[in-house]
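**Student:** Below is model.cif; it holds mmCIF, C-alpha atoms and all ligand atoms.
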data_run
#
loop_
_atom_site.label_atom_id
_atom_site.label_comp_id
_atom_site.auth_asym_id
_atom_site.auth_seq_id
_atom_site.Cartn_x
_atom_site.Cartn_y
_atom_site.Cartn_z
CA MET A 83 2.16 23.23 18.39
CA SER A 84 3.91 24.33 15.19
CA THR A 85 3.37 27.84 13.89
CA ARG A 86 3.18 28.48 10.17
CA GLU A 87 6.75 29.88 10.35
CA ASP A 88 7.95 26.67 12.07
CA ILE A 89 6.38 24.60 9.32
CA SER A 90 7.84 26.66 6.51
CA ALA A 91 11.30 26.40 8.16
CA MET A 92 11.20 22.58 8.34
CA ARG A 93 14.04 21.49 6.11
CA ARG A 94 16.44 18.60 5.99
CA GLN A 95 19.87 18.32 4.51
CA TYR A 96 19.65 15.36 2.18
CA GLY A 97 22.50 12.90 1.78
CA GLU A 98 25.12 12.07 -0.73
CA ILE A 99 23.95 8.57 -1.56
CA GLY A 100 22.37 8.82 -4.96
CA LEU A 101 21.01 6.74 -7.81
CA LYS A 102 23.65 6.14 -10.47
CA GLU A 103 22.57 4.79 -13.85
CA SER A 104 25.52 2.37 -13.81
CA ASP A 105 24.17 0.73 -10.61
CA LEU A 106 20.53 0.49 -11.70
CA PRO A 107 18.91 -2.74 -12.85
CA SER A 108 17.08 -2.86 -16.19
CA GLU A 109 13.78 -3.64 -14.40
CA PRO A 110 12.40 -1.93 -11.27
CA ILE A 111 11.15 -4.84 -9.13
CA SER A 112 14.59 -5.94 -7.89
CA LEU A 113 15.46 -2.31 -7.00
CA PHE A 114 12.11 -1.95 -5.21
CA ASN A 115 12.82 -5.17 -3.28
CA SER A 116 16.23 -3.90 -2.11
CA TRP A 117 14.71 -0.58 -1.00
CA LEU A 118 11.90 -2.39 0.83
CA ASN A 119 14.41 -4.66 2.59
CA GLU A 120 16.53 -1.65 3.57
CA ALA A 121 13.44 0.17 4.89
CA ALA A 122 12.38 -2.95 6.86
CA ALA A 123 15.88 -3.19 8.40
CA ASN A 124 15.83 0.49 9.37
CA GLU A 125 14.69 0.87 12.99
CA VAL A 126 13.32 4.35 12.41
CA VAL A 127 10.96 3.32 9.61
CA VAL A 128 7.68 2.02 11.07
CA GLU A 129 5.65 -0.34 8.90
CA ALA A 130 8.04 -0.37 5.92
CA ASN A 131 5.36 -2.20 3.91
CA ALA A 132 2.74 0.53 4.47
CA MET A 133 1.78 2.29 1.24
CA VAL A 134 -0.67 5.05 0.41
CA LEU A 135 -3.21 3.80 -2.10
CA SER A 136 -4.97 6.45 -4.19
CA THR A 137 -8.08 5.73 -6.20
CA VAL A 138 -10.41 7.89 -8.28
CA SER A 139 -14.18 7.60 -8.21
CA GLU A 140 -16.47 9.92 -10.16
CA ASN A 141 -13.44 12.15 -10.78
CA ILE A 142 -12.81 12.55 -7.03
CA PRO A 143 -9.45 11.21 -5.78
CA SER A 144 -9.09 9.58 -2.36
CA SER A 145 -6.11 8.15 -0.50
CA ARG A 146 -5.58 5.79 2.42
CA THR A 147 -2.86 3.53 3.79
CA VAL A 148 -2.83 -0.23 3.16
CA LEU A 149 -0.17 -2.87 3.74
CA LEU A 150 1.79 -4.53 0.97
CA LYS A 151 1.42 -8.27 1.55
CA ASP A 152 2.95 -9.80 -1.57
CA LEU A 153 5.15 -8.73 -4.45
CA THR A 154 5.79 -10.69 -7.64
CA SER A 155 6.61 -9.76 -11.23
CA GLU A 156 2.79 -9.54 -11.64
CA GLY A 157 2.48 -6.77 -9.10
CA PHE A 158 1.83 -5.45 -5.60
CA THR A 159 -0.85 -7.15 -3.46
CA PHE A 160 -2.88 -5.79 -0.54
CA PHE A 161 -5.95 -7.11 1.26
CA THR A 162 -9.15 -5.31 2.10
CA ASN A 163 -12.92 -5.43 2.28
CA TYR A 164 -14.44 -5.82 -1.20
CA GLY A 165 -17.40 -3.64 -0.13
CA SER A 166 -15.17 -0.75 1.04
CA SER A 167 -14.99 2.67 -0.62
CA LYS A 168 -11.59 1.83 -2.12
CA ALA A 169 -12.86 -1.46 -3.59
CA LYS A 170 -15.90 0.26 -5.11
CA ALA A 171 -13.62 2.94 -6.60
CA ILE A 172 -11.39 0.24 -8.13
CA GLU A 173 -14.43 -1.48 -9.62
CA GLU A 174 -15.35 1.79 -11.29
CA ASN A 175 -11.81 2.79 -12.28
CA ALA A 176 -8.97 0.27 -12.03
CA SER A 177 -6.25 2.95 -12.32
CA VAL A 178 -4.56 3.44 -8.96
CA SER A 179 -1.41 4.90 -7.45
CA LEU A 180 0.68 3.50 -4.60
CA LEU A 181 3.14 5.60 -2.62
CA PHE A 182 5.75 4.32 -0.16
CA PRO A 183 6.81 7.22 2.10
CA TRP A 184 10.18 6.19 3.53
CA TYR A 185 11.03 9.67 4.87
CA PRO A 186 13.74 8.62 7.37
CA MET A 187 15.64 7.17 4.40
CA GLU A 188 15.03 10.24 2.24
CA ARG A 189 13.25 7.96 -0.18
CA GLN A 190 9.87 7.70 -1.87
CA VAL A 191 8.56 5.24 -4.43
CA ILE A 192 5.45 5.95 -6.50
CA ILE A 193 3.79 3.20 -8.49
CA ASN A 194 1.02 3.71 -11.02
CA GLY A 195 -0.90 0.81 -12.40
CA SER A 196 -4.07 -1.12 -12.71
CA ALA A 197 -5.72 -3.04 -9.85
CA LYS A 198 -7.72 -6.25 -10.01
CA LYS A 199 -8.97 -8.86 -7.54
CA ILE A 200 -6.64 -11.81 -6.92
CA ALA A 201 -7.72 -15.46 -7.19
CA ARG A 202 -10.09 -16.53 -4.39
CA GLN A 203 -7.81 -19.34 -3.23
CA ASP A 204 -4.92 -16.84 -2.79
CA SER A 205 -7.10 -14.61 -0.58
CA GLU A 206 -8.14 -17.67 1.46
CA LYS A 207 -4.53 -18.80 1.80
CA TYR A 208 -3.49 -15.41 3.22
CA PHE A 209 -6.60 -15.07 5.43
CA ALA A 210 -5.73 -18.38 7.10
CA THR A 211 -2.35 -16.93 8.22
CA ARG A 212 -3.93 -13.90 9.95
CA PRO A 213 -4.25 -13.74 13.75
CA ARG A 214 -7.66 -14.98 14.93
CA ALA A 215 -8.72 -11.55 16.25
CA SER A 216 -7.99 -9.98 12.85
CA GLN A 217 -10.00 -12.72 11.15
CA ILE A 218 -12.98 -12.05 13.42
CA GLY A 219 -12.49 -8.31 12.89
CA ALA A 220 -12.76 -8.81 9.13
CA TRP A 221 -16.15 -10.52 9.65
CA ALA A 222 -17.34 -7.85 12.11
CA SER A 223 -16.43 -4.74 10.12
CA GLU A 224 -18.50 -3.57 7.17
CA GLN A 225 -15.62 -1.34 6.20
CA SER A 226 -16.39 2.25 5.15
CA THR A 227 -20.06 2.14 6.20
CA VAL A 228 -21.47 4.30 9.02
CA LEU A 229 -21.60 2.87 12.58
CA SER A 230 -24.11 4.07 15.17
CA SER A 231 -21.49 3.66 17.93
CA ARG A 232 -18.26 1.89 18.95
CA GLU A 233 -20.46 -0.50 20.97
CA GLU A 234 -22.24 -1.66 17.81
CA LEU A 235 -18.87 -2.78 16.36
CA GLU A 236 -17.77 -4.49 19.57
CA LYS A 237 -21.10 -6.29 19.83
CA LYS A 238 -20.71 -7.61 16.30
CA PHE A 239 -17.15 -8.73 17.10
CA LYS A 240 -18.44 -10.71 20.11
CA GLU A 241 -21.22 -12.27 18.05
CA PHE A 242 -18.77 -13.49 15.42
CA GLU A 243 -16.30 -14.59 18.12
CA GLY A 244 -18.98 -16.88 19.51
CA LYS A 245 -19.82 -18.33 16.12
CA TRP A 246 -16.72 -20.52 15.76
CA PRO A 247 -15.23 -22.79 18.46
CA ALA A 248 -11.87 -21.48 19.74
CA ASP A 249 -9.69 -23.98 17.88
CA SER A 250 -11.72 -24.15 14.67
CA GLN A 251 -10.66 -22.54 11.40
CA ILE A 252 -12.46 -19.31 10.57
CA PRO A 253 -13.57 -19.12 6.92
CA THR A 254 -12.63 -16.15 4.73
CA PRO A 255 -15.50 -13.64 4.57
CA PRO A 256 -16.98 -13.66 1.05
CA GLY A 257 -16.59 -9.89 0.86
CA TRP A 258 -12.93 -9.81 1.79
CA GLY A 259 -9.80 -10.46 -0.29
CA GLY A 260 -6.79 -9.17 -2.15
CA PHE A 261 -6.15 -6.79 -4.99
CA ILE A 262 -3.02 -6.89 -7.12
CA VAL A 263 -1.69 -3.71 -8.71
CA ASN A 264 0.05 -4.42 -12.00
CA PRO A 265 2.54 -1.56 -12.41
CA THR A 266 2.83 0.58 -15.54
CA SER A 267 5.34 2.97 -13.99
CA ILE A 268 7.56 2.91 -10.89
CA GLU A 269 9.42 6.02 -9.78
CA PHE A 270 12.27 6.01 -7.27
CA TRP A 271 13.04 9.28 -5.50
CA GLN A 272 16.22 9.71 -3.48
CA GLY A 273 16.92 12.96 -1.61
CA ARG A 274 20.21 14.66 -2.57
CA TYR A 275 22.08 17.87 -1.65
CA SER A 276 20.89 21.33 -2.82
CA ARG A 277 17.49 19.88 -3.72
CA LEU A 278 19.17 18.14 -6.69
CA HIS A 279 17.31 14.96 -5.84
CA ASP A 280 17.49 11.85 -7.99
CA ARG A 281 14.28 10.73 -9.70
CA ILE A 282 14.41 7.60 -11.80
CA ARG A 283 11.20 6.45 -13.45
CA TYR A 284 10.72 3.04 -15.03
CA LEU A 285 7.95 2.88 -17.64
CA ARG A 286 6.49 -0.35 -18.93
CA THR A 287 6.78 -0.64 -22.70
CA PRO A 288 4.09 -2.24 -24.94
CA ASP A 289 6.28 -5.36 -25.29
CA ASN A 290 6.35 -5.72 -21.46
CA ASN A 291 9.90 -4.52 -20.95
CA TRP A 292 10.96 -1.46 -18.96
CA GLN A 293 12.26 1.85 -20.17
CA ARG A 294 14.20 4.00 -17.69
CA VAL A 295 14.25 7.80 -17.60
CA ARG A 296 15.74 10.38 -15.25
CA LEU A 297 13.42 13.26 -14.28
CA ASN A 298 14.12 16.76 -13.06
CA PRO A 299 13.64 16.90 -9.32
C1 LIG B 1 -0.60 1.63 8.84
C2 LIG B 1 -1.97 1.32 8.29
C3 LIG B 1 -2.17 0.14 7.61
C4 LIG B 1 -3.42 -0.17 7.08
N1 LIG B 1 -3.56 -1.32 6.37
C5 LIG B 1 -4.76 -1.60 5.78
C6 LIG B 1 -4.90 -2.73 4.93
O1 LIG B 1 -3.94 -3.48 4.66
N2 LIG B 1 -6.13 -2.97 4.40
C7 LIG B 1 -7.21 -2.16 4.64
O2 LIG B 1 -8.29 -2.44 4.14
N3 LIG B 1 -7.09 -1.06 5.42
C8 LIG B 1 -5.89 -0.76 5.99
N4 LIG B 1 -5.77 0.38 6.77
C9 LIG B 1 -6.96 1.24 6.96
C10 LIG B 1 -7.16 2.11 5.71
O3 LIG B 1 -6.21 3.16 5.68
C11 LIG B 1 -8.58 2.68 5.59
O4 LIG B 1 -8.93 3.39 6.75
C12 LIG B 1 -9.63 1.60 5.37
O5 LIG B 1 -9.14 0.58 4.50
C13 LIG B 1 -10.91 2.18 4.77
O6 LIG B 1 -10.60 2.81 3.55
P1 LIG B 1 -11.72 3.21 2.46
O7 LIG B 1 -12.94 3.62 3.23
O8 LIG B 1 -11.08 4.31 1.67
O9 LIG B 1 -11.97 1.98 1.62
C14 LIG B 1 -4.51 0.71 7.28
C15 LIG B 1 -4.30 1.92 7.96
C16 LIG B 1 -3.05 2.22 8.44
C17 LIG B 1 -2.83 3.55 9.13
#
Output the file's structure in the form of structure tokens.
**Tutor:**
Amino acid sequence: MSTREDISAMRRQYGEIGLKESDLPSEPISLFNSWLNEAAANEVVVEANAMVLSTVSENIPSSRTVLLKDLTSEGFTFFTNYGSSKAKAIEENASVSLLFPWYPMERQVIINGSAKKIARQDSEKYFATRPRASQIGAWASEQSTVLSSREELEKKFKEFEGKWPADSQIPTPPGWGGFIVNPTSIEFWQGRYSRLHDRIRYLRTPDNNWQRVRLNP
């Protein structure tokens, strides 16, 4: 177990590879895509597409991990239960933040933006590609609500498992689907020596272009 001294002494020497203005694209999505591909190719990074989604409900922030499942110029898509705490928070306040913590690469990306539900047919298209057990799991779990026991969940799983013949297609639960986060800012953080890290933030302009600024680390 770490003592408080051990924790305060945790420190890494960050690398020389930085973010040079001359190498940066005028928009952030292509840079994000290269970083995501590099993270996915890095054996030490587990679940490169995992991102921490933060929402605010009644002025109280909350965070949890979700998986990025699609990325277009429109935004970042993840899938979840539409009755979950996060979905209810988004209904109340569409402003969200996404954070990709690629620590082994000394990198972090933070995206702020606005979330909305994706088209039903796009949720159905993705649901159809999921493994059967995950599809049944989506039917069985009333995400974020209280369970009386583990057995209650497993019983519900079995009930839904028996509902559809083994080789039949499982329909998408009505309360399940995707959200897309349309970014208003995307910040790339790259660790550098002497804590002189690089922080490059792209901000969306009113005419839908991107402005780029460098921030103090
Ligand atoms: C690596 C990882 C990936 C996850 N991916 C998802 C996901 O894509 N969608 C989802 O609803 N929950 C996902 N979860 C579970 C969420 O973090 C969270 O527990 C759940 O969505 C309930 O959140 P809520 O009660 O705040 O709505 C993931 C958890 C981890 C650790």
**Student:** Taking only residues of chain A that have an atom at most 7 Å from an atom of ligand LIG 1 (chain B), what is each one's shortest atom pair and its distance in Å to one decimal, using all atoms listed in the file, in chain and number order, as JSON lines?
**Tutor:**
{"residue": "A:Glu129", "atom": "CA", "partner": "B:LIG1", "partner_atom": "C1", "distance": 6.6}
{"residue": "A:Ala132", "atom": "CA", "partner": "B:LIG1", "partner_atom": "C1", "distance": 5.6}
{"residue": "A:Ser144", "atom": "CA", "partner": "B:LIG1", "partner_atom": "O8", "distance": 6.9}
{"residue": "A:Ser145", "atom": "CA", "partner": "B:LIG1", "partner_atom": "O8", "distance": 6.6}
{"residue": "A:Arg146", "atom": "CA", "partner": "B:LIG1", "partner_atom": "O3", "distance": 4.2}
{"residue": "A:Thr147", "atom": "CA", "partner": "B:LIG1", "partner_atom": "O3", "distance": 3.9}
{"residue": "A:Val148", "atom": "CA", "partner": "B:LIG1", "partner_atom": "N1", "distance": 3.5}
{"residue": "A:Leu149", "atom": "CA", "partner": "B:LIG1", "partner_atom": "O1", "distance": 3.9}
{"residue": "A:Leu150", "atom": "CA", "partner": "B:LIG1", "partner_atom": "O1", "distance": 6.9}
{"residue": "A:Phe160", "atom": "CA", "partner": "B:LIG1", "partner_atom": "O1", "distance": 5.8}
{"residue": "A:Phe161", "atom": "CA", "partner": "B:LIG1", "partner_atom": "N2", "distance": 5.2}
{"residue": "A:Thr162", "atom": "CA", "partner": "B:LIG1", "partner_atom": "O2", "distance": 3.6}
{"residue": "A:Asn163", "atom": "CA", "partner": "B:LIG1", "partner_atom": "O2", "distance": 5.8}
{"residue": "A:Ser166", "atom": "CA", "partner": "B:LIG1", "partner_atom": "O9", "distance": 4.2}
{"residue": "A:Ser167", "atom": "CA", "partner": "B:LIG1", "partner_atom": "O9", "distance": 3.8}
{"residue": "A:Lys168", "atom": "CA", "partner": "B:LIG1", "partner_atom": "O9", "distance": 3.8}
{"residue": "A:Ala169", "atom": "CA", "partner": "B:LIG1", "partner_atom": "O9", "distance": 6.3}
{"residue": "A:Gln225", "atom": "CA", "partner": "B:LIG1", "partner_atom": "C13", "distance": 6.1}
{"residue": "A:Ser226", "atom": "CA", "partner": "B:LIG1", "partner_atom": "O7", "distance": 4.2}
**Student:** For Met187 (chain A), which residue among A:Val128, A:Ile172, A:Ala215, A:Ala121 is the nearest when counting only C-alpha atoms?
**Tutor:**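 Closest to Met187 (chain A), using only C-alpha atoms: A:Ala121.
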**Student:** Go ahead and compute the interatomic distance for CA of Ser267 (chain A) and CA of Leu113 (chain A), in Å to one decimal.
**Tutor:**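 Interatomic distance, CA of Ser267 (chain A) to CA of Leu113 (chain A): 13.4 Å.
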**Student:** Compare A:Gln203, A:Ser155, A:Glu125, A:Ser196 by their minimum atom-to-atom distance to Asn290 (chain A), counting all atoms listed in the file, and give me the closest one.
**Tutor:**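 The shortest atom-to-atom distance to Asn290 (chain A) comes from A:Ser155.
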**Student:** Which polymer residues have any atom within 10 Å of an atom of Phe270 (chain A), counting all atoms listed in the file, with same-chain residues fewer than 3 positions away left out, as a PyMOL selection string?
**Tutor:** chain A and resi 101+110+113-114+117+182+189-193+280-284+296
**Student:** Please indicate the distance in Å from CA of Glu109 (chain A) to CA of Gln293 (chain A), rounded to one decimal place.
**Tutor:** 8.1 Å
**Student:** Closest to Asn194 (chain A) among A:Thr137, A:Thr154, A:Thr254, A:Asn124, using all atoms listed in the file?
**Tutor:** A:Thr137
**Student:** Out of A:Asn119, A:Ser179, A:Asn298, A:Thr85, which residue has the shortest atom-to-atom distance to Ile268 (chain A) when counting only C-alpha atoms?
**Tutor:**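 With only C-alpha atoms as the atom set, the closest residue is A:Ser179.
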**Student:** Could you state the separation of CA of Glu236 (chain A) and CA of Phe261 (chain A) in Å, given to one decimal place?
**Tutor:**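 The value is 27.3 Å.
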**Student:** Excluding Glu140 (chain A) and residues on its chain fewer than 2 positions from it, collect all residues at most 12 Å away from it, counting all atoms listed in the file, and give them as number ranges by chain.
**Tutor:** A: 137-138, 142-144, 170-175
**Student:** Only C-alpha atoms, please: the residues just picked out, written as a PDB file, in the coordinates of the input.
**Tutor:**
ATOM      1  CA  THR A 137      -8.080   5.730  -6.200  1.00  0.00           C
ATOM      2  CA  VAL A 138     -10.410   7.890  -8.280  1.00  0.00           C
ATOM      3  CA  ILE A 142     -12.810  12.550  -7.030  1.00  0.00           C
ATOM      4  CA  PRO A 143      -9.450  11.210  -5.780  1.00  0.00           C
ATOM      5  CA  SER A 144      -9.090   9.580  -2.360  1.00  0.00           C
ATOM      6  CA  LYS A 170     -15.900   0.260  -5.110  1.00  0.00           C
ATOM      7  CA  ALA A 171     -13.620   2.940  -6.600  1.00  0.00           C
ATOM      8  CA  ILE A 172     -11.390   0.240  -8.130  1.00  0.00           C
ATOM      9  CA  GLU A 173     -14.430  -1.480  -9.620  1.00  0.00           C
ATOM     10  CA  GLU A 174     -15.350   1.790 -11.290  1.00  0.00           C
ATOM     11  CA  ASN A 175     -11.810   2.790 -12.280  1.00  0.00           C
TER      12      ASN A 175
END
